[in-house]
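Beneath this line is the structure, given in structure tokens, with notes to follow.
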Amino acid sequence: MNGLPEGMRGVKRVYDEIHGYIELTKPEIDIVDTPTFQRLRYIKQLASAWYVYPGATHTRFSHSLGVMHIMGIMATKLYREGYIYSKDDVQLLRIVALLHDVGHTPFSHAIEPYYSSVNPPLTHEELTKLIVLRDPYIRSAIEDNGFDPWSVVAILEGRHREPLFNQLLSGDLDVDRMDYLLRDALHTGVTYGAIDVHRIIATITVDREGSLAVAEKGLEALENFYLARLHMYRAVYYHKSIVGYELLVRIIYEKLMESYRDNVLASRLATVQGVRKLVEEGKIFFWHDSWFLGLMVEALEDPSVDNEVKELIRAFLFRRGYKVIVDYSRFSDDELEEDDEEVMKLRILSDKLRRYVGGDRSNVMVFIDDIPIITVEEAIRVAMDDGSSISAYNHPRSLIKFMPRRFHVKRLYVLSSVHRKALQFTKLMQV
């Protein structure tokens, strides 16, 4: 499927393992060729998932091209049907899709909490906004091609004056999810994460209120989309070992940023202010997975780095990460309560286990998360023959209403080095 309307000319084609040939226009090539965007070649889409699924080495770079391609197909379809009014808007939407992940940190979501836990927080969404507005390479590439960086940011933040533009990028059925479900399923080999993106796009429409919707004949493809999300959350994104290695990366990063100031770049990246300054100077391009892996290797040979930090680095590099010792994870229709009985039990258990195994506090970790699978209020709408629409969750023939709404992850992890001792503890406590 071509992602360009008639009259828009692609000047380069890139072959993608998911979508085949992807055409790029001049504004897109100018963005892709910047050092800042090329950084995404060195950031894996699924952080350390390749420790579990060896094929999961695909990058944010290929994903960003794929999201742009799907956005082009969707926007071109809606342009031909009269819901998007100009080719410039199609190009704008493709630029936004191309840049939607440009602010991801090394190892993606694994180290983001280091920056999002400070005040004011710097999430990857905020970093994307900062790069679009302040990175000299990206901003120039946008402006030199006649587009406004603030319009890009408005769509990224879901506050563009055209609600349809926001829904295409950040709705419950958006171009980002369409690409990463397909791409992640292929590279992990988790085939039940696959979706029928062609059928979804063919049945996409706009209801009389101007909201994105799927025609009734696309209901089965929509159900499969939600099922794929459910399976991928359980089998890949929150796989117990993958989460364990992401926890390990997060702890190593925090400890190195707090104590390892001999490395010039690390000393600047230790604060949000330092990250912002690097963006403004156009020097963010070497902050990626390979840099951090190199920093870990460098720290191993540095006598000033604490031995406990070195042990954590060795645990990561030699695949001796965290193991689950207790797992209460389950699907639910309700939000996870702060005073959840099992969560409280895990926290009490973790304190006792830390005293039992001894050593650094990072030997024992509690991981809690509450992941929305289906948000009833935000569920994609199904268009009826009369132009009205109904939430897919409430459609009388939909299976979506029978799916769990949330996935509660409640786990107690221990490092491999203390796993045997921790097992002894659980037997003593009759856990």
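Chain identifiers are assigned as A, B, and so on, following the order in which chains appear in the structure tokens; residues are numbered from 1 within each chain, and ligands are numbered from 1 in order of appearance.
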
ask   = What's the 10 Å shell around Ser267 of chain A, counting only C-alpha atoms, without same-chain residues fewer than 6 positions away, as a ChimeraX atom specification?
value = /A:256-261,274

Those residues you just picked out, can you put them in a file as a PDB file, in the first residue's frame with N, CA and C atoms?
ATOM      1  N   LEU A 256      25.317   4.510  38.188  1.00  0.00           N
ATOM      2  CA  LEU A 256      26.407   5.123  37.434  1.00  0.00           C
ATOM      3  C   LEU A 256      26.216   6.632  37.301  1.00  0.00           C
ATOM      4  N   MET A 257      24.971   7.074  37.110  1.00  0.00           N
ATOM      5  CA  MET A 257      24.721   8.513  37.001  1.00  0.00           C
ATOM      6  C   MET A 257      24.987   9.214  38.330  1.00  0.00           C
ATOM      7  N   GLU A 258      24.742   8.527  39.427  1.00  0.00           N
ATOM      8  CA  GLU A 258      24.935   9.134  40.743  1.00  0.00           C
ATOM      9  C   GLU A 258      26.404   9.195  41.154  1.00  0.00           C
ATOM     10  N   SER A 259      27.208   8.233  40.669  1.00  0.00           N
ATOM     11  CA  SER A 259      28.559   8.130  41.222  1.00  0.00           C
ATOM     12  C   SER A 259      29.696   8.189  40.205  1.00  0.00           C
ATOM     13  N   TYR A 260      29.376   7.952  38.924  1.00  0.00           N
ATOM     14  CA  TYR A 260      30.456   7.808  37.944  1.00  0.00           C
ATOM     15  C   TYR A 260      30.583   9.097  37.150  1.00  0.00           C
ATOM     16  N   ARG A 261      31.418   9.997  37.629  1.00  0.00           N
ATOM     17  CA  ARG A 261      31.526  11.307  36.997  1.00  0.00           C
ATOM     18  C   ARG A 261      32.811  11.482  36.194  1.00  0.00           C
ATOM     19  N   GLY A 274      21.263  18.889  32.347  1.00  0.00           N
ATOM     20  CA  GLY A 274      22.337  18.477  31.447  1.00  0.00           C
ATOM     21  C   GLY A 274      21.821  17.891  30.156  1.00  0.00           C
TER      22      GLY A 274
END

request  = Can you pull out every residue within 8 Å of Leu4 of chain A, counting only C-alpha atoms, but drop anything in the same chain fewer than 4 positions away, and send it as a PyMOL selection string?
outcome  = chain A and resi 8-10+23+72-73+76

Please produce an output containing C-alpha atoms for each residue in the selection, written as a PDB file, in the first residue's frame.
ATOM      1  CA  MET A   8       3.127  13.925  -3.475  1.00  0.00           C
ATOM      2  CA  ARG A   9       6.402  12.570  -4.738  1.00  0.00           C
ATOM      3  CA  GLY A  10       8.685  10.203  -2.888  1.00  0.00           C
ATOM      4  CA  GLU A  23       8.650   5.927   0.158  1.00  0.00           C
ATOM      5  CA  GLY A  72       0.712   7.972   5.307  1.00  0.00           C
ATOM      6  CA  ILE A  73      -1.646   5.198   4.196  1.00  0.00           C
ATOM      7  CA  THR A  76      -4.070   9.415   2.323  1.00  0.00           C
TER       8      THR A  76
END

inquiry  = Quick one: residues within 8 Å of Ser64 of chain A, only C-alpha atoms, excluding same-chain residues fewer than 3 positions away - as an NGL selection string?
reply    = :A and (60-61 or 67-68 or 97-101)

If you keep N, CA and C atoms, can you produce a file of those selected residues as a PDB file, in the first residue's frame?
ATOM      1  N   ARG A  60      14.273   1.462  17.209  1.00  0.00           N
ATOM      2  CA  ARG A  60      13.330   2.580  17.127  1.00  0.00           C
ATOM      3  C   ARG A  60      13.374   3.241  15.749  1.00  0.00           C
ATOM      4  N   PHE A  61      14.488   3.109  15.066  1.00  0.00           N
ATOM      5  CA  PHE A  61      14.621   3.694  13.724  1.00  0.00           C
ATOM      6  C   PHE A  61      13.644   3.029  12.756  1.00  0.00           C
ATOM      7  N   VAL A  67       5.829   3.510  11.375  1.00  0.00           N
ATOM      8  CA  VAL A  67       4.705   4.322  11.858  1.00  0.00           C
ATOM      9  C   VAL A  67       4.397   5.426  10.850  1.00  0.00           C
ATOM     10  N   MET A  68       5.445   6.040  10.303  1.00  0.00           N
ATOM     11  CA  MET A  68       5.245   7.064   9.274  1.00  0.00           C
ATOM     12  C   MET A  68       4.530   6.484   8.059  1.00  0.00           C
ATOM     13  N   ALA A  97       4.497  11.403  12.765  1.00  0.00           N
ATOM     14  CA  ALA A  97       4.656   9.967  12.995  1.00  0.00           C
ATOM     15  C   ALA A  97       6.133   9.578  12.963  1.00  0.00           C
ATOM     16  N   LEU A  98       6.877  10.165  12.060  1.00  0.00           N
ATOM     17  CA  LEU A  98       8.303   9.870  11.946  1.00  0.00           C
ATOM     18  C   LEU A  98       9.053  10.267  13.220  1.00  0.00           C
ATOM     19  N   LEU A  99       8.613  11.354  13.851  1.00  0.00           N
ATOM     20  CA  LEU A  99       9.333  11.902  14.996  1.00  0.00           C
ATOM     21  C   LEU A  99       8.768  11.472  16.344  1.00  0.00           C
ATOM     22  N   HIS A 100       7.732  10.646  16.360  1.00  0.00           N
ATOM     23  CA  HIS A 100       7.018  10.395  17.622  1.00  0.00           C
ATOM     24  C   HIS A 100       7.883   9.727  18.689  1.00  0.00           C
ATOM     25  N   ASP A 101       8.947   9.028  18.298  1.00  0.00           N
ATOM     26  CA  ASP A 101       9.809   8.337  19.269  1.00  0.00           C
ATOM     27  C   ASP A 101      11.212   8.926  19.347  1.00  0.00           C
TER      28      ASP A 101
END

message = Just the number, please: distance in Å from atom CA of Ile200 of chain A to atom CA of Asp174 of chain A, one decimal.
response =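 Atom-to-atom, atom CA of Ile200 of chain A to atom CA of Asp174 of chain A, that is 10.6 Å.
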
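DSSP annotation of segment 206-246 of chain A from backbone atoms: strand (DSSP E or B) residues are Val206, Leu212, Ala213, Val214 and Ala215 of chain A.
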
ask   = Distance atom CA of Leu186 of chain A-atom CA of Asp369 of chain A, one decimal place?
value = 25.7 Å

query = Got a sec to tell me which of segment 29-261 of chain A DSSP assigns to alpha helix (DSSP H), as JSON, numbers by chain?
reply = {"A": [29, 30, 31, 32, 35, 36, 37, 38, 60, 61, 62, 63, 64, 65, 66, 67, 68, 69, 70, 71, 72, 73, 74, 75, 76, 77, 78, 79, 80, 87, 88, 89, 90, 91, 92, 93, 94, 95, 96, 97, 98, 99, 112, 113, 114, 115, 116, 124, 125, 126, 127, 128, 129, 130, 131, 132, 133, 134, 136, 137, 138, 139, 140, 141, 142, 143, 149, 150, 151, 152, 153, 154, 155, 156, 163, 164, 165, 166, 167, 168, 169, 170, 175, 176, 177, 178, 179, 180, 181, 182, 183, 184, 185, 186, 187, 188, 197, 198, 199, 200, 201, 202, 203, 219, 220, 221, 222, 223, 224, 225, 226, 227, 228, 229, 230, 231, 232, 240, 241, 242, 243, 244, 245, 246, 247, 248, 249, 250, 251, 252, 253, 254, 255, 256, 257, 258, 259]}

Contact residues around segment 306-310 of chain A with only C-alpha atoms at 8 Å, ignoring same-chain residues under 3 positions, as a PyMOL selection string = chain A and resi 252+255-256+299-300+303+313-314+360

request  = With a distance cut-off of 8 Å and only C-alpha atoms, select the neighbouring residues of Arg354 of chain A, excluding the residue or stretch itself and same-chain residues fewer than 4 positions from it, and output the selection as an MDAnalysis selection string.
outcome  = chainID A and resid 350 358:359 361 363:364

Surrounding residues of segment 328-341 of chain A excluding itself and chain neighbours under 4 positions, 7 Å, only C-alpha atoms, as a short mmCIF file (atom, residue, chain, number, x, y, z; two decimals) with C-alpha atoms, in the first residue's frame:
data_model
loop_
_atom_site.label_atom_id
_atom_site.label_comp_id
_atom_site.auth_asym_id
_atom_site.auth_seq_id
_atom_site.Cartn_x
_atom_site.Cartn_y
_atom_site.Cartn_z
CA LYS A 345 2.20 -8.67 51.25
CA ASP A 370 -1.25 -1.65 36.39
CA PRO A 404 -10.17 -8.15 30.74
CA ARG A 405 -9.68 -4.42 30.96
CA ARG A 406 -6.38 -4.36 32.86
CA PHE A 407 -3.28 -6.42 33.59
CA HIS A 408 -1.97 -6.22 37.17
CA VAL A 409 1.71 -7.08 37.47
CA LYS A 410 2.74 -7.88 41.05
CA ARG A 411 6.14 -9.57 41.39
#

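Of the listed residues A:Leu122, A:Phe107, A:Asp144, A:Ile70, the one whose atoms come nearest to His198 of chain A is A:Ile70, with distances taken using only C-alpha atoms.
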
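Residue nearest Ser398 of chain A, chosen from A:Glu220, A:Asp351, A:Glu301, A:Asp386 and counting only C-alpha atoms: A:Glu220.
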
Which residues of segment 213-276 of chain A have any atom within 7 Å of an atom in segment 43-56 of chain A when counting only C-alpha atoms, and what is the closest pair of atoms for each, with the distance in Å to one decimal? Order the rows by chain and rising number and write it as CSV.
residue,atom,partner,partner_atom,distance
A:Ile242,CA,A:Ala49,CA,5.4
A:Tyr245,CA,A:Ser48,CA,6.5
A:Glu246,CA,A:Ser48,CA,6.6

For the selection just defined, write its residues with N, CA and C atoms to a file, as a PDB file, in the first residue's frame.
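What ended up in selection-v2.pdb:
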ATOM      1  N   ILE A 242      12.099 -10.413  30.964  1.00  0.00           N
ATOM      2  CA  ILE A 242      12.364  -9.132  30.298  1.00  0.00           C
ATOM      3  C   ILE A 242      12.250  -7.990  31.293  1.00  0.00           C
ATOM      4  N   TYR A 245      15.337  -7.859  33.521  1.00  0.00           N
ATOM      5  CA  TYR A 245      16.533  -7.232  32.938  1.00  0.00           C
ATOM      6  C   TYR A 245      16.364  -5.722  32.791  1.00  0.00           C
ATOM      7  N   GLU A 246      15.140  -5.265  32.546  1.00  0.00           N
ATOM      8  CA  GLU A 246      14.914  -3.823  32.501  1.00  0.00           C
ATOM      9  C   GLU A 246      15.105  -3.195  33.878  1.00  0.00           C
TER      10      GLU A 246
END

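Excluding Ala110 of chain A and any residue on its chain fewer than 6 positions from it, the residues at most 7 Å away by only C-alpha atoms are Glu246, Leu247, Val249 and Arg250 of chain A.
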
note = Using only C-alpha atoms, the residue out of A:Gly387, A:Gly282, A:Gly189, A:Pro5 with shortest distance to Met71 of chain A is A:Pro5

query = Between A:Gln167, A:Leu133, A:Trp287, A:Lys352, which has the minimum distance to Ala422 of chain A (counting only C-alpha atoms)?
reply =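 Using only C-alpha atoms, Ala422 of chain A sits closest to A:Lys352.
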
Counting only C-alpha atoms, the residue of A:Ile371, A:Ser86, A:Ile18, A:Met365 that sits nearest Val197 of chain A = A:Ile18

Nearest residue to Phe292 of chain A from the set A:Met232, A:Leu265, A:Ile142, A:Tyr180 (distances using only C-alpha atoms) =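 Between A:Met232, A:Leu265, A:Ile142, A:Tyr180, the residue approaching Phe292 of chain A most closely is A:Leu265.
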
remark   = What separates atom CA of Ala185 of chain A and atom CA of Glu157 of chain A is a distance of 27.3 Å
